[in-house]
file work25.cif (mmCIF, C-alpha atoms)
data_final
#
loop_
_atom_site.label_atom_id
_atom_site.label_comp_id
_atom_site.auth_asym_id
_atom_site.auth_seq_id
_atom_site.Cartn_x
_atom_site.Cartn_y
_atom_site.Cartn_z
CA MET T 191 -7.66 17.24 7.18
CA ASN T 192 -4.25 15.72 7.94
CA ILE T 193 -4.35 12.19 9.29
CA ILE T 194 -1.05 10.44 9.91
CA ILE T 195 -1.10 6.64 9.77
CA ASN T 196 1.62 3.96 9.67
CA TYR T 197 0.22 1.73 6.91
CA ASP T 198 -0.65 2.01 3.24
CA PHE T 199 -4.33 3.00 3.08
CA TRP T 200 -5.03 1.37 -0.29
CA GLU T 201 -3.22 -1.87 0.58
CA HIS T 202 -5.27 -2.15 3.78
CA ILE T 203 -8.46 -1.78 1.74
CA LEU T 204 -7.26 -4.58 -0.54
CA ASP T 205 -6.34 -6.73 2.49
CA ALA T 206 -9.82 -6.29 3.95
CA LYS T 207 -11.64 -7.03 0.66
CA GLU T 208 -9.60 -9.85 -0.88
CA GLU T 209 -9.43 -13.47 0.15
CA LEU T 210 -6.12 -14.94 1.27
CA THR T 211 -3.89 -15.63 -1.74
CA PRO T 212 -0.13 -15.99 -2.21
CA PHE T 213 -0.12 -12.49 -3.77
CA LYS T 214 -1.64 -11.06 -0.59
CA ILE T 215 1.16 -12.67 1.41
CA ILE T 216 3.78 -11.22 -0.95
CA ARG T 217 2.21 -7.72 -0.79
CA ASN T 218 2.28 -7.72 3.02
CA ASN T 219 5.76 -9.17 3.47
CA LYS T 220 7.78 -7.54 0.67
CA ARG T 221 9.40 -4.95 2.97
CA LYS T 222 10.47 -7.55 5.54
CA TRP T 223 11.75 -9.91 2.87
CA ALA T 224 13.69 -7.19 1.04
CA ARG T 225 15.32 -6.01 4.25
CA PHE T 226 16.23 -9.33 5.91
CA GLN T 227 15.59 -12.56 4.02
CA PHE T 228 16.72 -11.55 0.52
CA PRO T 229 20.20 -10.28 1.52
CA LEU T 230 20.75 -13.19 3.91
CA TYR T 231 19.60 -15.87 1.45
CA THR T 232 21.54 -14.28 -1.41
CA LEU T 233 24.76 -14.18 0.60
CA VAL T 234 24.42 -17.78 1.81
CA ASP T 235 23.46 -19.06 -1.65
CA ALA T 236 26.30 -17.17 -3.35
CA VAL T 237 28.85 -18.57 -0.89
CA VAL T 238 27.50 -22.13 -1.08
CA THR T 239 26.92 -22.37 -4.85
CA GLY T 240 29.37 -19.81 -6.24
CA ASP T 241 27.29 -19.58 -9.42
CA LEU T 242 24.81 -16.86 -10.36
CA ARG T 243 22.31 -19.20 -12.04
CA ALA T 244 22.34 -21.60 -9.11
CA THR T 245 21.92 -18.68 -6.68
CA ILE T 246 18.87 -17.40 -8.58
CA LEU T 247 17.39 -20.91 -8.67
CA CYS T 248 17.95 -21.35 -4.92
CA LEU T 249 16.37 -17.95 -4.19
CA THR T 250 13.32 -18.86 -6.25
CA ILE T 251 12.90 -22.13 -4.38
CA GLN T 252 13.46 -20.51 -0.97
CA PHE T 253 10.96 -17.67 -1.49
CA GLY T 254 8.47 -20.07 -3.05
CA GLY T 255 8.80 -22.17 0.08
CA LEU T 256 8.32 -19.15 2.35
CA ILE T 257 5.16 -18.12 0.53
CA GLY T 258 3.82 -21.67 0.34
CA VAL T 259 4.39 -22.46 4.03
CA GLU T 260 2.69 -19.26 5.20
CA TYR T 261 -0.20 -19.69 2.75
CA PHE T 262 -0.93 -23.29 3.76
CA ALA T 263 -0.52 -22.49 7.47
CA CYS T 264 -3.06 -19.66 7.21
CA LYS T 265 -5.43 -21.76 5.10
CA SER T 266 -5.23 -24.77 7.43
CA PHE T 267 -6.10 -22.65 10.48
CA ASP T 268 -8.61 -20.61 8.43
CA ASP T 269 -6.96 -17.47 9.75
CA ASP T 270 -6.44 -14.36 7.63
CA ALA T 271 -4.47 -12.15 10.01
CA TYR T 272 -3.99 -9.51 7.31
CA ALA T 273 -7.75 -9.01 6.96
CA LYS T 274 -8.21 -8.80 10.74
CA ILE T 275 -5.51 -6.14 11.11
CA ALA T 276 -6.88 -4.21 8.11
CA LYS T 277 -10.42 -4.25 9.51
CA LYS T 278 -9.26 -2.96 12.90
CA ASP T 279 -7.12 -0.20 11.34
CA LEU T 280 -9.76 0.88 8.81
CA THR T 281 -12.45 1.03 11.49
CA SER T 282 -10.19 3.31 13.52
CA LEU T 283 -9.39 5.36 10.41
CA ALA T 284 -13.09 5.83 9.62
CA GLN T 285 -13.54 7.30 13.11
CA LYS T 286 -10.57 9.64 12.61
CA MET T 287 -12.01 10.74 9.26
CA ASN T 288 -15.39 11.42 10.90
CA ASP T 289 -13.60 13.54 13.51
CA ASN T 290 -12.11 15.54 10.61
CA TYR T 291 -15.51 16.13 8.95
CA VAL T 292 -15.20 13.43 6.30
CA LYS T 293 -18.30 11.38 7.16
CA THR T 294 -17.61 7.77 6.21
CA SER T 295 -17.71 4.28 7.69
CA TYR T 296 -15.83 1.01 7.41
CA PRO T 297 -18.20 -0.49 4.77
CA LEU T 298 -17.93 2.69 2.70
CA LEU T 299 -14.12 2.62 2.90
CA LEU T 300 -14.23 -0.85 1.35
CA ASP T 301 -16.04 0.63 -1.68
CA SER T 302 -13.22 3.12 -2.34
CA GLU T 303 -11.63 3.34 -5.78
CA TYR T 304 -7.95 3.85 -6.54
CA TYR T 305 -7.54 6.13 -9.56
CA ASP T 306 -4.08 7.73 -9.79
CA ARG T 307 -0.52 7.57 -8.51
CA GLN T 308 2.27 10.12 -8.93
CA PHE T 309 5.90 10.25 -7.90
CA LYS T 310 7.92 13.36 -7.17
CA ILE T 311 11.49 13.90 -6.02
CA HIS T 312 12.20 16.74 -3.62
CA PHE T 313 14.88 17.66 -1.09
CA ASN T 314 14.25 17.40 2.65
CA GLU T 315 15.56 19.76 5.36
CA SER T 316 18.98 18.06 5.28
CA LYS T 317 19.25 18.68 1.52
CA LEU T 318 18.91 14.95 0.80
CA PRO T 319 16.67 13.82 -2.07
CA GLU T 320 13.46 12.00 -1.19
CA MET T 321 10.98 10.30 -3.47
CA VAL T 322 7.38 11.06 -2.54
CA GLU T 323 4.57 8.81 -3.72
CA LYS T 324 1.05 10.22 -3.94
CA LYS T 325 -1.88 7.83 -4.26
CA TYR T 326 -5.32 9.21 -5.06
CA VAL T 327 -8.36 7.29 -3.83
CA LEU T 328 -12.05 8.15 -4.27
CA VAL T 329 -13.71 7.50 -0.90
CA PRO T 330 -17.51 7.33 -0.58
CA THR T 331 -18.85 9.67 2.11
CA TYR T 332 -22.22 10.64 3.51
CA GLY T 333 -23.46 14.05 2.40
CA LEU T 334 -25.52 16.46 4.47
CA ASP T 335 -28.71 15.17 2.85
CA GLY T 336 -27.82 11.52 3.56
CA ASP T 337 -26.82 10.70 -0.01
CA ILE T 338 -23.53 9.00 -0.71
CA ASN T 339 -20.99 11.24 -2.44
CA THR T 340 -17.31 10.68 -3.19
CA ILE T 341 -14.32 12.69 -2.06
CA SER T 342 -10.75 12.42 -3.31
CA ILE T 343 -8.21 11.47 -0.64
CA VAL T 344 -4.48 11.85 -1.25
CA GLN T 345 -2.02 9.58 0.51
CA ASN T 346 1.45 11.17 0.68
CA HIS T 347 4.28 8.81 1.48
CA VAL T 348 8.05 9.28 1.47
CA ILE T 349 9.40 6.04 0.03
CA GLY T 350 11.25 4.11 2.73
CA SER T 351 9.46 5.67 5.70
CA LYS T 352 6.56 4.24 7.67
CA GLU T 353 4.59 7.50 7.77
CA TYR T 354 1.60 8.01 5.50
CA VAL T 355 -0.34 11.28 5.48
CA LEU T 356 -3.95 11.37 4.29
CA THR T 357 -5.37 14.67 3.03
CA VAL T 358 -8.18 15.80 0.77
CA GLY T 359 -7.04 16.67 -2.75
CA THR T 360 -7.00 15.85 -6.44
CA PRO T 361 -4.13 15.26 -8.86
CA ASP T 362 -2.56 18.22 -10.63
CA ARG T 363 -3.76 18.65 -14.18
CA LYS T 364 -1.00 18.64 -16.77
CA LEU T 365 -1.15 19.96 -20.28
CA LYS T 366 -0.28 17.33 -22.83
CA PRO T 367 1.11 18.31 -26.22
CA SER T 368 -1.04 17.30 -29.12
CA LEU T 369 -0.12 16.73 -32.71
CA VAL T 370 -1.77 19.16 -35.09
CA PRO T 371 -1.83 17.91 -38.67
CA GLY T 372 -0.41 20.24 -41.26
CA VAL T 373 1.66 22.39 -38.92
#
call {"tool": "encode", "arguments": {"input": "work25.cif", "output": "structure tokens"}}
result
Amino acid sequence: MNIIINYDFWEHILDAKEELTPFKIIRNNKRKWARFQFPLYTLVDAVVTGDLRATILCLTIQFGGLIGVEYFACKSFDDDAYAKIAKKDLTSLAQKMNDNYVKTSYPLLLDSEYYDRQFKIHFNESKLPEMVEKKYVLVPTYGLDGDINTISIVQNHVIGSKEYVLTVGTPDRKLKPSLVPGV
């Protein structure tokens, strides 16, 4: 099973399960803020204030304002757009998983458990280093007898890209050195 998606599987599960909080807004906007707002605000604040402490204080106030405005706007309209998008994407993903013989549903995806994360650096075809993040999630599935079993899903993601690949797998076991007394 190789399913390619353009969102973080585990973060979408959290978006669908959790209520709207400022932390949910931060989690969903961190990429946009790091790419556009942070450099722009830092440059403007550094030019205007000319002082590092004042720049940091201004950035804190500006990002606090961004988070607060979006939070209160969503709360006042009683609209959690992140949960709606996550529900639509996870429903579609459940169908794709069923097509790949992993029998699950949207409610079962919400009961998934995150249990491990690993990072690895490797070189791509252009001989440039890439950092790959692997997240391991236990997903409940329907067995042949109708019982609910769990299967381990691996989400491979090259940091900085928008492509996430879901496969079936478990983390590699590593031998850990132990201390033997008296040796």
call {"tool": "resolve_selection", "arguments": {"input": "work25.cif", "expression": "the PyMOL selection byres ((chain T and resi 197) around 8)", "output": "compact mmCIF listing (two decimals) with C-alpha atoms, in the frame of the given file"}}
result
# COMPACT_ATOMS: atom_id res chain seq x y z
CA ILE T 195 -1.10 6.64 9.77
CA ASN T 196 1.62 3.96 9.67
CA ASP T 198 -0.65 2.01 3.24
CA PHE T 199 -4.33 3.00 3.08
CA HIS T 202 -5.27 -2.15 3.78
CA LYS T 352 6.56 4.24 7.67
CA GLU T 353 4.59 7.50 7.77
CA TYR T 354 1.60 8.01 5.50
call {"tool": "closest_residue", "arguments": {"input": "work25.cif", "among": "T:Thr211, T:Thr232, T:Val292, T:Cys264", "to": "T:Leu334", "atoms": "only C-alpha atoms"}}
result
T:Val292
call {"tool": "closest_residue", "arguments": {"input": "work25.cif", "among": "T:Phe228, T:Tyr291, T:Trp223, T:Tyr305", "to": "T:Thr245", "atoms": "all atoms listed in the file"}}
result
T:Phe228
call {"tool": "atom_distance", "arguments": {"input": "work25.cif", "atom1": "atom CA of T:Ile193", "atom2": "atom CA of T:Ile341"}}
result
15.1 Å
call {"tool": "closest_residue", "arguments": {"input": "work25.cif", "among": "T:Cys248, T:Val348, T:Val355, T:Leu298", "to": "T:Leu328", "atoms": "only C-alpha atoms"}}
result
T:Leu298
call {"tool": "axis_aligned_box", "arguments": {"input": "work25.cif", "around": "stretch 301-312 of chain T", "padding_each_side": "6 Å", "output": "AutoDock Vina command-line options"}}
result
--center_x -1.9 --center_y 8.7 --center_z -5.7 --size_x 40.2 --size_y 28.1 --size_z 20.1
call {"tool": "residues_around", "arguments": {"input": "work25.cif", "residues": "T:Asp235", "least_positions_apart": "3", "cutoff": "10 Å", "atoms": "all atoms listed in the file", "output": "list in words"}}
result
Pro229, Leu230, Tyr231, Thr232, Val238, Thr239, Gly240, Asp241, Leu242, Ala244, Thr245, Ile246, Leu247, Cys248 and Leu249 of chain T
call {"tool": "residues_around", "arguments": {"input": "work25.cif", "residues": "T:Leu204", "least_positions_apart": "6", "cutoff": "12 Å", "atoms": "all atoms listed in the file", "output": "list of chain:residue names"}}
result
T:Asp198, T:Leu210, T:Thr211, T:Phe213, T:Lys214, T:Ile215, T:Arg217, T:Asn218, T:Tyr272, T:Ala273, T:Ile275, T:Ala276, T:Lys277, T:Leu280, T:Leu299, T:Leu300, T:Asp301, T:Ser302, T:Glu303, T:Tyr304
call {"tool": "write_last_selection", "arguments": {"input": "work25.cif", "atoms": "C-alpha atoms", "output": "mmCIF file, in the frame of the given file"}}
result
data_model
loop_
_atom_site.group_PDB
_atom_site.id
_atom_site.type_symbol
_atom_site.label_atom_id
_atom_site.label_comp_id
_atom_site.auth_asym_id
_atom_site.auth_seq_id
_atom_site.Cartn_x
_atom_site.Cartn_y
_atom_site.Cartn_z
ATOM 1 C CA ASP T 198 -0.650 2.010 3.240
ATOM 2 C CA LEU T 210 -6.120 -14.940 1.270
ATOM 3 C CA THR T 211 -3.890 -15.630 -1.740
ATOM 4 C CA PHE T 213 -0.120 -12.490 -3.770
ATOM 5 C CA LYS T 214 -1.640 -11.060 -0.590
ATOM 6 C CA ILE T 215 1.160 -12.670 1.410
ATOM 7 C CA ARG T 217 2.210 -7.720 -0.790
ATOM 8 C CA ASN T 218 2.280 -7.720 3.020
ATOM 9 C CA TYR T 272 -3.990 -9.510 7.310
ATOM 10 C CA ALA T 273 -7.750 -9.010 6.960
ATOM 11 C CA ILE T 275 -5.510 -6.140 11.110
ATOM 12 C CA ALA T 276 -6.880 -4.210 8.110
ATOM 13 C CA LYS T 277 -10.420 -4.250 9.510
ATOM 14 C CA LEU T 280 -9.760 0.880 8.810
ATOM 15 C CA LEU T 299 -14.120 2.620 2.900
ATOM 16 C CA LEU T 300 -14.230 -0.850 1.350
ATOM 17 C CA ASP T 301 -16.040 0.630 -1.680
ATOM 18 C CA SER T 302 -13.220 3.120 -2.340
ATOM 19 C CA GLU T 303 -11.630 3.340 -5.780
ATOM 20 C CA TYR T 304 -7.950 3.850 -6.540
#
call {"tool": "closest_residue", "arguments": {"input": "work25.cif", "among": "T:Phe313, T:Phe267, T:Phe262, T:Tyr326", "to": "T:Val344", "atoms": "only C-alpha atoms"}}
result
T:Tyr326
call {"tool": "resolve_selection", "arguments": {"input": "work25.cif", "expression": "the PyMOL selection byres ((chain T and resi 342) around 6)", "output": "list in words"}}
result
Val327, Leu328, Ile341, Ile343, Val358, Gly359 and Thr360 of chain T
